[in-house]
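Asker: The following file, model-v5.tsv, comprises TSV, C-alpha atoms:
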```
chain	number	residue	atom	x	y	z
A	28	MET	CA	-70.20	172.38	-52.83
A	29	ASN	CA	-73.42	174.35	-52.64
A	30	PHE	CA	-72.46	177.77	-51.25
A	31	ASP	CA	-71.58	181.06	-52.94
A	32	ILE	CA	-67.78	181.24	-53.10
A	33	GLN	CA	-67.97	185.02	-53.45
A	34	ALA	CA	-69.77	185.28	-50.11
A	35	VAL	CA	-66.81	184.07	-48.01
A	36	PRO	CA	-63.47	185.73	-47.25
A	37	SER	CA	-60.41	184.63	-49.21
A	38	PRO	CA	-58.65	182.55	-48.26
A	39	SER	CA	-61.01	180.65	-45.99
A	40	TYR	CA	-61.70	177.13	-44.82
A	41	VAL	CA	-65.39	176.42	-45.32
A	42	VAL	CA	-66.93	173.43	-43.50
A	43	ASP	CA	-70.30	172.26	-44.78
A	44	GLU	CA	-72.59	171.25	-41.92
A	45	LYS	CA	-74.75	168.96	-44.08
A	46	LEU	CA	-71.71	166.99	-45.23
A	47	LEU	CA	-70.46	166.75	-41.64
A	48	LEU	CA	-73.87	165.47	-40.53
A	49	ALA	CA	-73.76	162.75	-43.20
A	50	ASN	CA	-70.42	161.52	-41.83
A	51	LEU	CA	-71.70	161.58	-38.27
A	52	GLU	CA	-74.82	159.62	-39.25
A	53	LYS	CA	-72.66	156.92	-40.80
A	54	MET	CA	-70.56	156.64	-37.64
A	55	LYS	CA	-73.67	156.59	-35.48
A	56	SER	CA	-74.92	153.59	-37.47
A	57	VAL	CA	-71.75	151.68	-36.49
A	58	ILE	CA	-72.30	152.67	-32.85
A	59	ASP	CA	-75.93	151.54	-32.98
A	60	GLN	CA	-75.07	148.17	-34.55
A	61	THR	CA	-72.18	147.28	-32.24
A	62	GLY	CA	-72.37	149.31	-29.03
A	63	CYS	CA	-68.82	150.54	-29.60
A	64	LYS	CA	-67.77	154.06	-28.67
A	65	ILE	CA	-66.38	156.47	-31.27
A	66	LEU	CA	-64.33	159.52	-30.30
A	67	LEU	CA	-63.24	162.55	-32.31
A	68	ALA	CA	-59.45	162.64	-32.64
A	69	GLN	CA	-58.80	166.35	-32.26
A	70	LYS	CA	-55.36	166.10	-33.85
A	71	GLY	CA	-57.17	165.75	-37.17
A	72	PHE	CA	-60.06	168.17	-36.71
A	73	SER	CA	-60.48	170.70	-33.90
A	74	MET	CA	-63.12	173.12	-35.18
A	75	PHE	CA	-64.82	173.46	-31.82
A	76	GLU	CA	-67.64	175.53	-33.29
A	77	VAL	CA	-69.15	172.19	-34.32
A	78	TYR	CA	-68.27	170.24	-31.16
A	79	PRO	CA	-71.84	170.48	-29.79
A	80	LEU	CA	-73.07	168.93	-33.04
A	81	ILE	CA	-70.42	166.19	-33.01
A	82	GLY	CA	-71.18	165.51	-29.35
A	83	ARG	CA	-74.75	164.60	-30.26
A	84	TYR	CA	-73.41	161.63	-32.23
A	85	LEU	CA	-70.03	160.64	-30.77
A	86	HIS	CA	-68.90	159.84	-27.22
A	87	GLY	CA	-66.18	162.43	-26.77
A	88	VAL	CA	-62.67	163.32	-27.92
A	89	THR	CA	-59.11	162.10	-27.90
A	90	SER	CA	-56.28	164.48	-27.16
A	91	SER	CA	-52.52	164.48	-27.57
A	92	GLY	CA	-51.74	166.58	-24.53
A	93	LEU	CA	-52.97	169.24	-22.17
A	94	PHE	CA	-54.32	171.84	-24.58
A	95	GLU	CA	-56.38	169.41	-26.63
A	96	ALA	CA	-57.65	167.75	-23.45
A	97	ARG	CA	-58.81	171.10	-22.10
A	98	LEU	CA	-60.39	172.05	-25.44
A	99	GLY	CA	-62.40	168.83	-25.58
A	100	TYR	CA	-63.40	169.08	-21.93
A	101	GLU	CA	-64.58	172.67	-22.21
A	102	GLU	CA	-66.11	172.65	-25.69
A	103	MET	CA	-67.70	169.20	-25.93
A	104	GLY	CA	-68.03	168.14	-22.32
A	105	LYS	CA	-68.06	164.39	-22.89
A	106	GLU	CA	-65.36	161.72	-22.52
A	107	VAL	CA	-61.76	162.94	-22.86
A	108	HIS	CA	-59.08	160.35	-23.66
A	109	THR	CA	-55.48	161.60	-23.50
A	110	TYR	CA	-52.35	159.95	-24.89
A	111	ALA	CA	-48.85	161.36	-25.33
A	112	PRO	CA	-45.49	159.73	-26.10
A	113	ALA	CA	-44.40	161.24	-22.79
A	114	PHE	CA	-46.27	163.42	-20.30
A	115	HIS	CA	-44.79	166.61	-18.83
A	116	GLU	CA	-44.41	166.60	-15.06
A	117	ASP	CA	-45.62	170.18	-14.70
A	118	GLU	CA	-48.72	169.59	-16.85
A	119	PHE	CA	-49.82	166.28	-15.44
A	120	ASP	CA	-52.13	167.53	-12.69
A	121	ASP	CA	-54.04	169.61	-15.22
A	122	ILE	CA	-54.21	166.65	-17.60
A	123	LEU	CA	-55.76	164.64	-14.76
A	124	ARG	CA	-58.32	167.40	-14.27
A	125	TYR	CA	-59.52	167.26	-17.87
A	126	SER	CA	-59.20	163.55	-18.71
A	127	ASP	CA	-61.38	160.47	-18.17
A	128	HIS	CA	-58.93	158.03	-19.77
A	129	LEU	CA	-55.13	158.20	-19.84
A	130	VAL	CA	-53.01	156.07	-22.14
A	131	PHE	CA	-49.33	155.70	-21.32
A	132	ASN	CA	-46.72	155.08	-24.00
A	133	SER	CA	-44.45	153.01	-21.75
A	134	PHE	CA	-44.47	151.19	-18.45
A	135	ALA	CA	-41.84	153.64	-17.24
A	136	GLN	CA	-44.34	156.49	-17.70
A	137	TRP	CA	-47.05	154.46	-16.00
A	138	LYS	CA	-44.84	153.82	-13.00
A	139	GLN	CA	-43.78	157.47	-12.87
A	140	PHE	CA	-47.35	158.80	-12.71
A	141	LYS	CA	-49.29	155.88	-11.25
A	142	ASP	CA	-49.46	157.23	-7.70
A	143	ARG	CA	-50.69	160.63	-8.84
A	144	VAL	CA	-53.44	159.01	-10.90
A	145	GLN	CA	-54.56	156.87	-8.00
A	146	ARG	CA	-54.57	159.83	-5.58
A	147	HIS	CA	-56.72	161.91	-7.92
A	148	ASP	CA	-60.14	162.72	-6.53
A	149	GLN	CA	-61.93	161.32	-9.60
A	150	PRO	CA	-61.37	157.81	-10.99
A	151	ILE	CA	-59.48	157.69	-14.28
A	152	GLU	CA	-59.25	154.68	-16.58
A	153	CYS	CA	-55.64	153.97	-17.51
A	154	GLY	CA	-54.24	152.08	-20.46
A	155	ILE	CA	-51.00	151.12	-22.15
A	156	ARG	CA	-50.33	151.73	-25.83
A	157	ILE	CA	-49.05	148.58	-27.49
A	158	ASN	CA	-47.02	148.22	-30.68
A	159	PRO	CA	-47.89	144.96	-32.46
A	160	GLU	CA	-44.99	145.57	-34.86
A	161	TYR	CA	-47.43	145.11	-37.73
A	162	SER	CA	-48.64	147.81	-40.07
A	163	GLU	CA	-49.56	148.08	-43.74
A	164	ILE	CA	-48.65	151.76	-44.07
A	165	GLU	CA	-46.04	152.17	-46.80
A	166	THR	CA	-44.76	155.64	-45.87
A	167	ASP	CA	-42.54	155.54	-42.77
A	168	MET	CA	-43.42	159.10	-41.79
A	169	TYR	CA	-46.99	157.97	-41.09
A	170	ASN	CA	-46.23	154.45	-39.86
A	171	PRO	CA	-46.35	154.14	-36.05
A	172	CYS	CA	-44.88	150.63	-36.27
A	173	PHE	CA	-41.88	151.21	-38.51
A	174	SER	CA	-38.39	150.24	-37.31
A	175	PHE	CA	-37.32	151.90	-34.06
A	176	SER	CA	-40.72	153.53	-33.58
A	177	ARG	CA	-41.15	155.58	-30.41
A	178	PHE	CA	-44.82	154.63	-30.16
A	179	GLY	CA	-46.05	151.91	-27.83
A	180	VAL	CA	-44.81	148.83	-26.02
A	181	THR	CA	-43.76	145.82	-28.08
A	182	LEU	CA	-44.54	142.31	-26.92
A	183	GLU	CA	-40.89	141.77	-25.95
A	184	ASN	CA	-41.02	144.82	-23.65
A	185	PHE	CA	-44.48	144.23	-22.19
A	186	GLU	CA	-44.33	144.13	-18.37
A	187	ALA	CA	-47.09	141.77	-17.34
A	188	ASP	CA	-46.37	142.27	-13.64
A	189	GLU	CA	-47.11	146.02	-13.87
A	190	LEU	CA	-50.77	145.79	-14.93
A	191	ASP	CA	-52.30	146.61	-11.56
A	192	GLY	CA	-54.40	149.70	-12.29
A	193	ILE	CA	-54.29	149.23	-16.08
A	194	THR	CA	-57.76	148.57	-17.49
A	195	GLY	CA	-57.22	148.85	-21.25
A	196	LEU	CA	-54.88	148.49	-24.19
A	197	HIS	CA	-54.59	150.95	-27.06
A	198	PHE	CA	-53.09	150.51	-30.50
A	199	HIS	CA	-52.81	152.85	-33.46
A	200	THR	CA	-51.36	151.28	-36.59
A	201	MET	CA	-53.41	152.65	-39.49
A	202	CYS	CA	-53.58	155.69	-41.77
A	203	GLU	CA	-56.41	156.30	-44.28
A	204	GLN	CA	-57.03	152.56	-44.58
A	205	ASN	CA	-59.98	150.23	-45.07
A	206	SER	CA	-61.26	147.71	-42.56
A	207	ASP	CA	-59.55	144.70	-44.15
A	208	THR	CA	-56.31	146.13	-42.73
A	209	LEU	CA	-57.95	146.43	-39.33
A	210	TRP	CA	-59.13	142.82	-39.45
A	211	ARG	CA	-55.62	141.53	-40.18
A	212	THR	CA	-54.20	143.75	-37.43
A	213	ILE	CA	-56.77	142.45	-34.94
A	214	GLN	CA	-55.64	138.89	-35.60
A	215	ILE	CA	-52.02	139.79	-34.82
A	216	ILE	CA	-53.01	141.56	-31.61
A	217	ASP	CA	-55.21	138.65	-30.57
A	218	GLU	CA	-52.34	136.22	-31.11
A	219	GLU	CA	-49.67	138.31	-29.38
A	220	PHE	CA	-51.55	140.12	-26.61
A	221	GLY	CA	-54.50	137.79	-25.99
A	222	PRO	CA	-53.40	136.74	-22.49
A	223	TYR	CA	-53.30	140.39	-21.42
A	224	LEU	CA	-56.60	141.28	-23.10
A	225	GLN	CA	-58.29	138.74	-20.84
A	226	LYS	CA	-57.46	141.05	-17.91
A	227	MET	CA	-58.75	144.25	-19.55
A	228	LYS	CA	-62.05	146.15	-19.59
A	229	TRP	CA	-61.55	148.00	-22.88
A	230	ILE	CA	-59.50	148.21	-26.03
A	231	ASN	CA	-58.95	151.25	-28.24
A	232	PHE	CA	-58.48	150.59	-31.97
A	233	GLY	CA	-56.90	154.02	-32.49
A	234	GLY	CA	-57.42	156.02	-35.66
A	235	GLY	CA	-56.75	155.80	-39.37
A	236	HIS	CA	-60.13	154.18	-40.12
A	237	HIS	CA	-61.57	155.79	-43.26
A	238	ILE	CA	-65.11	154.92	-42.19
A	239	THR	CA	-66.82	157.67	-44.18
A	240	ARG	CA	-65.05	156.97	-47.48
A	241	PRO	CA	-67.54	155.71	-50.10
A	242	ASP	CA	-65.76	152.37	-50.61
A	243	TYR	CA	-65.20	151.65	-46.91
A	244	ASP	CA	-66.23	148.13	-45.82
A	245	ILE	CA	-68.46	148.76	-42.81
A	246	GLU	CA	-69.28	145.07	-42.34
A	247	THR	CA	-65.64	144.11	-41.77
A	248	LEU	CA	-65.31	146.95	-39.26
A	249	ILE	CA	-68.34	145.60	-37.41
A	250	ARG	CA	-66.88	142.09	-37.53
A	251	SER	CA	-63.60	143.38	-36.04
A	252	ILE	CA	-65.39	145.17	-33.23
A	253	ARG	CA	-67.56	142.18	-32.40
A	254	PHE	CA	-64.54	139.87	-32.43
A	255	MET	CA	-63.01	141.72	-29.47
A	256	GLN	CA	-66.37	142.15	-27.76
A	257	ASP	CA	-67.29	138.48	-28.03
A	258	LYS	CA	-63.91	136.90	-27.30
A	259	TYR	CA	-62.79	139.16	-24.45
A	260	GLN	CA	-65.98	140.99	-23.37
A	261	LEU	CA	-64.23	144.30	-23.99
A	262	ASP	CA	-65.63	147.76	-24.54
A	263	VAL	CA	-64.31	148.90	-27.92
A	264	TYR	CA	-63.26	152.46	-28.72
A	265	LEU	CA	-62.34	153.96	-32.09
A	266	GLU	CA	-60.84	157.40	-32.50
A	267	PRO	CA	-60.95	158.58	-36.13
A	268	GLY	CA	-60.26	162.24	-36.77
A	269	GLU	CA	-59.96	162.42	-40.50
A	270	ALA	CA	-63.03	160.27	-41.10
A	271	VAL	CA	-65.21	162.67	-39.10
A	272	ALA	CA	-64.36	165.58	-41.38
A	273	LEU	CA	-63.54	163.67	-44.58
A	274	ASN	CA	-64.85	165.51	-47.66
A	275	THR	CA	-66.75	168.06	-45.55
A	276	GLY	CA	-64.57	171.13	-46.09
A	277	PHE	CA	-63.16	173.41	-48.76
A	278	LEU	CA	-60.41	176.00	-49.04
A	279	VAL	CA	-61.50	179.02	-51.06
A	280	ALA	CA	-58.58	180.93	-52.59
A	281	THR	CA	-58.00	183.78	-55.04
A	282	VAL	CA	-55.58	184.18	-57.94
A	283	LEU	CA	-53.28	187.16	-57.21
A	284	ASP	CA	-51.16	187.12	-60.36
A	285	THR	CA	-50.19	185.04	-63.38
A	286	MET	CA	-46.80	184.79	-65.08
A	287	HIS	CA	-44.87	182.57	-67.48
A	288	ASN	CA	-41.59	180.72	-66.92
A	289	GLY	CA	-41.51	177.68	-69.17
A	290	MET	CA	-45.20	177.21	-68.40
A	291	PRO	CA	-48.05	179.36	-67.12
A	292	ILE	CA	-47.88	179.99	-63.37
A	293	ALA	CA	-50.55	181.38	-61.04
A	294	ILE	CA	-49.78	182.80	-57.61
A	295	LEU	CA	-52.58	182.42	-55.07
A	296	ASP	CA	-53.41	184.01	-51.75
A	297	THR	CA	-53.19	180.56	-50.15
A	298	SER	CA	-50.05	178.56	-49.44
A	299	ALA	CA	-49.29	174.86	-49.46
A	300	SER	CA	-46.62	175.45	-46.82
A	301	CYS	CA	-48.79	177.58	-44.53
A	302	HIS	CA	-52.38	176.50	-45.12
A	303	MET	CA	-52.31	172.90	-46.35
A	304	PRO	CA	-48.94	171.49	-45.23
A	305	ASP	CA	-49.95	167.88	-45.91
A	306	VAL	CA	-49.76	168.74	-49.63
A	307	LEU	CA	-46.00	168.94	-49.13
A	308	GLU	CA	-45.57	166.44	-46.29
A	309	MET	CA	-47.55	163.44	-47.53
A	310	PRO	CA	-47.41	164.57	-50.41
A	311	TYR	CA	-50.73	164.67	-52.24
A	312	ARG	CA	-52.58	166.68	-54.88
A	313	PRO	CA	-55.86	168.21	-53.69
A	314	GLU	CA	-58.72	168.38	-56.15
A	315	ILE	CA	-60.00	171.76	-57.35
A	316	ILE	CA	-63.64	172.10	-58.36
A	317	GLY	CA	-63.87	172.56	-62.13
A	318	ALA	CA	-60.16	171.89	-62.75
A	319	GLY	CA	-58.48	168.91	-64.38
A	320	LYS	CA	-55.15	167.19	-64.46
A	321	PRO	CA	-52.31	168.80	-66.43
A	322	ASP	CA	-53.22	169.12	-70.14
A	323	GLU	CA	-56.66	167.58	-69.57
A	324	LYS	CA	-58.25	170.98	-70.22
A	325	ALA	CA	-57.15	173.79	-72.49
A	326	HIS	CA	-55.02	175.83	-70.08
A	327	THR	CA	-52.53	174.26	-67.64
A	328	TYR	CA	-51.05	176.24	-64.74
A	329	ARG	CA	-48.66	175.57	-61.91
A	330	LEU	CA	-50.26	176.91	-58.75
A	331	GLY	CA	-47.99	178.40	-56.11
A	332	GLY	CA	-48.31	180.23	-52.82
A	333	PRO	CA	-47.23	183.74	-51.81
A	334	THR	CA	-44.31	182.73	-49.55
A	335	CYS	CA	-40.56	182.85	-50.23
A	336	LEU	CA	-40.27	179.04	-50.10
A	337	ALA	CA	-39.34	177.84	-53.59
A	338	GLY	CA	-41.21	174.60	-52.97
A	339	ASP	CA	-44.46	176.32	-51.96
A	340	VAL	CA	-46.15	174.73	-54.96
A	341	ILE	CA	-49.61	173.20	-54.76
A	342	GLY	CA	-49.42	171.42	-58.10
A	343	ASP	CA	-50.26	171.57	-61.80
A	344	TYR	CA	-53.88	171.92	-62.87
A	345	SER	CA	-55.72	172.62	-66.10
A	346	PHE	CA	-58.72	174.91	-66.66
A	347	ASP	CA	-61.22	175.60	-69.42
A	348	GLN	CA	-60.35	179.31	-69.47
A	349	PRO	CA	-57.15	181.24	-68.75
A	350	LEU	CA	-56.81	182.25	-65.11
A	351	GLN	CA	-57.07	185.92	-64.28
A	352	PRO	CA	-56.25	187.87	-61.10
A	353	GLY	CA	-59.36	187.83	-58.93
A	354	ASP	CA	-60.52	184.37	-60.03
A	355	ARG	CA	-61.52	182.16	-57.14
A	356	LEU	CA	-60.50	178.52	-56.82
A	357	VAL	CA	-61.99	175.96	-54.45
A	358	PHE	CA	-59.81	173.15	-53.08
A	359	CYS	CA	-61.65	170.05	-51.84
A	360	ASP	CA	-61.34	167.98	-48.65
A	361	MET	CA	-59.72	170.76	-46.64
A	362	ALA	CA	-61.36	170.33	-43.22
A	363	HIS	CA	-58.97	167.83	-41.63
A	364	TYR	CA	-55.23	168.32	-41.05
A	365	SER	CA	-55.48	171.90	-42.30
A	366	MET	CA	-56.69	174.19	-39.49
A	367	VAL	CA	-54.82	172.06	-36.95
A	368	LYS	CA	-51.50	172.24	-38.83
A	369	ASN	CA	-51.42	175.65	-40.46
A	370	ASN	CA	-48.85	178.34	-39.66
A	371	THR	CA	-47.92	181.97	-40.32
A	372	PHE	CA	-44.54	181.52	-42.02
A	373	ASN	CA	-43.48	184.77	-43.77
A	374	GLY	CA	-46.25	186.55	-41.89
A	375	VAL	CA	-48.82	185.04	-44.23
A	376	ASN	CA	-52.24	185.43	-42.62
A	377	LEU	CA	-54.29	182.40	-41.68
A	378	PRO	CA	-57.44	181.57	-43.66
A	379	SER	CA	-60.75	182.54	-42.11
A	380	ILE	CA	-62.87	179.73	-40.68
A	381	VAL	CA	-66.40	179.53	-42.06
A	382	LEU	CA	-69.36	177.23	-41.38
A	383	HIS	CA	-71.89	176.72	-44.14
A	384	THR	CA	-74.87	175.78	-42.00
A	385	ALA	CA	-77.48	173.14	-42.69
A	386	ASP	CA	-80.04	175.91	-43.21
A	387	ASN	CA	-77.82	177.41	-45.94
A	388	ASN	CA	-76.36	180.36	-44.03
A	389	ILE	CA	-72.74	181.49	-44.14
A	390	ASN	CA	-71.31	181.84	-40.63
A	391	VAL	CA	-67.85	183.42	-40.56
A	392	VAL	CA	-66.68	181.85	-37.31
A	393	LYS	CA	-63.19	183.34	-37.12
A	394	GLN	CA	-61.02	185.82	-38.98
A	395	PHE	CA	-57.35	186.37	-38.26
A	396	GLY	CA	-55.04	189.36	-38.44
A	397	TYR	CA	-51.74	190.91	-37.41
A	398	GLU	CA	-52.24	190.37	-33.68
A	399	ASP	CA	-52.65	186.61	-34.17
A	400	PHE	CA	-49.30	186.59	-35.97
A	401	ARG	CA	-47.60	188.89	-33.46
A	402	GLN	CA	-48.76	187.04	-30.36
A	403	ARG	CA	-47.02	183.85	-31.49
A	404	LEU	CA	-43.70	185.67	-31.44
A	405	SER	CA	-41.69	187.57	-28.86
```
Please lay out the structure from this file as structure tokens.

Answerer:
Amino acid sequence: MNFDIQAVPSPSYVVDEKLLLANLEKMKSVIDQTGCKILLAQKGFSMFEVYPLIGRYLHGVTSSGLFEARLGYEEMGKEVHTYAPAFHEDEFDDILRYSDHLVFNSFAQWKQFKDRVQRHDQPIECGIRINPEYSEIETDMYNPCFSFSRFGVTLENFEADELDGITGLHFHTMCEQNSDTLWRTIQIIDEEFGPYLQKMKWINFGGGHHITRPDYDIETLIRSIRFMQDKYQLDVYLEPGEAVALNTGFLVATVLDTMHNGMPIAILDTSASCHMPDVLEMPYRPEIIGAGKPDEKAHTYRLGGPTCLAGDVIGDYSFDQPLQPGDRLVFCDMAHYSMVKNNTFNGVNLPSIVLHTADNNINVVKQFGYEDFRQRLS
């Protein structure tokens, strides 16, 4: 972090352009070495202020439905790949308008919409999402291949006689994992779906690749990409969202009050429930600059949000000095799965969105207020 935390609103998400550029450069090196195509998964990071920058490095976006497809189409203007567990009839024509690739979750969906795709005035590449029934994700909530998953077609249910018009296969089986997991997954897919891959033009490896993590094994990723390119002459797509924005953003917050109930407690102007819901859902403990683990430093506090939810607790942290109202805290790695998942429960305002530019300027991109809260309601 190299910006003045007093110069931004509180709370605010602050994305550092230099850190984002470093991630994009690393992804571009994979593209240059393999000829693969990498897309931004908007479900993880949708700060469209930086889409023109991302578009200089990556090939486009992936979307989970109409609104994300339109956002990527209008704000980046490159390839738009759209997948949904099921498409809405009344949205489908607009999805066709904004998408270059469509991935269907089932053959029933493909058969339902096939004629409309083929009548569309622009050609659209169509694919089927497959479920190899193999994943190394331990938490079921994030495992697309756990028992009775609603995602993708298993080998048993694959309809080989319905591939006319299908040019690619898509799988997504990973979450925050290294490339050794991808390599093992590729072997399963090769073994199970190899006969169908021979008929395809492209394959999409989905997301969950932590490419920009310091310990990530780039060489095994390259080997996995080349395996599919060499064996089946396929174009290879990857669609990381988290890896694009990994370790590029911060959440600046302010201490509102301190109290004592068995231990020191600090109430902040930011909320785990509203502003960083993955802290409760995953769960995980975000790092705070200058703070330590409980009892590691002299003063340990439980940090909580301003909502009525009893469980709106960020975690326990220790500090060199006692916390005081007005102190600012900076949470790390807050670019991805924060802005895209936040909410206004209790009428808590949303954090501002700030870009710390490569030339060291603070650009307050967006601030929110009462009307943003009101317009979501009736």

Asker: Leaving out A:Lys105 and any residue of its chain fewer than 2 positions from it, which residues lie within 12 Å of it when counting only C-alpha atoms, given as JSON, numbers by chain?

Answerer: {"A": [64, 65, 66, 67, 78, 79, 81, 82, 83, 84, 85, 86, 87, 88, 89, 96, 97, 98, 99, 100, 101, 102, 103, 107, 108, 125, 126, 127, 128]}

Asker: Write a file of the selected residues as a short mmCIF file (atom, residue, chain, number, x, y, z; two decimals), in the frame of the given file, keeping C-alpha atoms.

Answerer:
```cif
data_model
loop_
_atom_site.label_atom_id
_atom_site.label_comp_id
_atom_site.auth_asym_id
_atom_site.auth_seq_id
_atom_site.Cartn_x
_atom_site.Cartn_y
_atom_site.Cartn_z
CA LYS A 64 -67.77 154.06 -28.67
CA ILE A 65 -66.38 156.47 -31.27
CA LEU A 66 -64.33 159.52 -30.30
CA LEU A 67 -63.24 162.55 -32.31
CA TYR A 78 -68.27 170.24 -31.16
CA PRO A 79 -71.84 170.48 -29.79
CA ILE A 81 -70.42 166.19 -33.01
CA GLY A 82 -71.18 165.51 -29.35
CA ARG A 83 -74.75 164.60 -30.26
CA TYR A 84 -73.41 161.63 -32.23
CA LEU A 85 -70.03 160.64 -30.77
CA HIS A 86 -68.90 159.84 -27.22
CA GLY A 87 -66.18 162.43 -26.77
CA VAL A 88 -62.67 163.32 -27.92
CA THR A 89 -59.11 162.10 -27.90
CA ALA A 96 -57.65 167.75 -23.45
CA ARG A 97 -58.81 171.10 -22.10
CA LEU A 98 -60.39 172.05 -25.44
CA GLY A 99 -62.40 168.83 -25.58
CA TYR A 100 -63.40 169.08 -21.93
CA GLU A 101 -64.58 172.67 -22.21
CA GLU A 102 -66.11 172.65 -25.69
CA MET A 103 -67.70 169.20 -25.93
CA VAL A 107 -61.76 162.94 -22.86
CA HIS A 108 -59.08 160.35 -23.66
CA TYR A 125 -59.52 167.26 -17.87
CA SER A 126 -59.20 163.55 -18.71
CA ASP A 127 -61.38 160.47 -18.17
CA HIS A 128 -58.93 158.03 -19.77
#
```

Asker: For atom CA of A:Met303 and atom CA of A:His363, quote the distance in Å rounded to one decimal.

Answerer: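 Atom-to-atom, atom CA of A:Met303 and atom CA of A:His363 are spaced 9.6 Å apart.
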
Asker: Can you tell me how far atom CA of A:Val306 sits from atom CA of A:Tyr243, in Å to one decimal?

Answerer: 23.2 Å

Asker: Compile a residue-level contact table for stretch 242-358 of chain A against stretch 188-209 of chain A at a cut-off of 7 Å, reporting for every qualifying residue the shortest atom pair and its distance in Å to one decimal, with only C-alpha atoms counted, rows ordered by chain and ascending number, as CSV.

Answerer:
```
residue,atom,partner,partner_atom,distance
A:Tyr243,CA,A:Asn205,CA,5.7
A:Asp244,CA,A:Ser206,CA,6.0
A:Thr247,CA,A:Ser206,CA,5.7
A:Leu248,CA,A:Ser206,CA,5.3
```

Asker: Contacts of A:Val381 at 10 Å or less, counting all atoms listed in the file, minus same-chain residues fewer than 3 places along, as a PDB file with C-alpha atoms, keeping the file's coordinate frame?

Answerer:
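Here's the written file part_31.pdb:
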```
ATOM      1  CA  VAL A  35     -66.810 184.070 -48.010  1.00  0.00           C
ATOM      2  CA  PRO A  36     -63.470 185.730 -47.250  1.00  0.00           C
ATOM      3  CA  SER A  39     -61.010 180.650 -45.990  1.00  0.00           C
ATOM      4  CA  TYR A  40     -61.700 177.130 -44.820  1.00  0.00           C
ATOM      5  CA  VAL A  41     -65.390 176.420 -45.320  1.00  0.00           C
ATOM      6  CA  VAL A  42     -66.930 173.430 -43.500  1.00  0.00           C
ATOM      7  CA  ASP A  43     -70.300 172.260 -44.780  1.00  0.00           C
ATOM      8  CA  MET A  74     -63.120 173.120 -35.180  1.00  0.00           C
ATOM      9  CA  GLU A  76     -67.640 175.530 -33.290  1.00  0.00           C
ATOM     10  CA  GLY A 276     -64.570 171.130 -46.090  1.00  0.00           C
ATOM     11  CA  PHE A 277     -63.160 173.410 -48.760  1.00  0.00           C
ATOM     12  CA  LEU A 278     -60.410 176.000 -49.040  1.00  0.00           C
ATOM     13  CA  PRO A 378     -57.440 181.570 -43.660  1.00  0.00           C
ATOM     14  CA  THR A 384     -74.870 175.780 -42.000  1.00  0.00           C
ATOM     15  CA  ILE A 389     -72.740 181.490 -44.140  1.00  0.00           C
ATOM     16  CA  ASN A 390     -71.310 181.840 -40.630  1.00  0.00           C
ATOM     17  CA  VAL A 391     -67.850 183.420 -40.560  1.00  0.00           C
ATOM     18  CA  VAL A 392     -66.680 181.850 -37.310  1.00  0.00           C
ATOM     19  CA  LYS A 393     -63.190 183.340 -37.120  1.00  0.00           C
ATOM     20  CA  GLN A 394     -61.020 185.820 -38.980  1.00  0.00           C
TER      21      GLN A 394
END
```

Asker: Enclose all atoms of stretch 58-66 of chain A listed in the file in an axis-aligned box, grow every side by 8 Å, and hand back centre and edge lengths in Å to one decimal, as lines of an AutoDock Vina configuration file.

Answerer:
```
center_x = -70.1
center_y = 153.4
center_z = -31.6
size_x = 27.6
size_y = 28.2
size_z = 21.9
```

Asker: Do a neighbour search on A:Asp120 at 10 Å with all atoms listed in the file, toss out local chain neighbours closer than 2 positions, and write the hits as JSON, numbers by chain.

Answerer: {"A": [93, 115, 116, 117, 118, 122, 123, 124, 125, 140, 143, 144, 147]}

Asker: Atom CA of A:Gln60 and atom CA of A:Leu48 are how many Å apart?

Answerer: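 We find that atom CA of A:Gln60 and atom CA of A:Leu48 lie 18.3 Å from each other.
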
Asker: Which neighbours of A:Ile249 fall inside 7 Å, counting all atoms listed in the file, when residues of the same chain fewer than 4 positions from it are skipped, and could you give them as a ChimeraX atom specification?

Answerer: /A:61,245,253

Asker: Would you pick out the contacts of A:Asp284 at 7 Å or less, using only C-alpha atoms, so that residues sharing its chain but fewer than 3 positions from it are not included, and give the list as a PyMOL selection string?

Answerer: chain A and resi 293-294+352

Asker: Choose the residue, out of A:Pro159, A:Gly179, A:Pro150, A:Gly234, that has the smallest atom-to-atom separation from A:Glu219; count only C-alpha atoms.

Answerer: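 Nearest to A:Glu219: A:Pro159.
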
Asker: So, counting only C-alpha atoms, which residue among A:Asn184, A:Ser133, A:Thr297, A:Ser90 is closest to A:Gly233?

Answerer: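 Result for the nearest residue to A:Gly233: A:Ser90.
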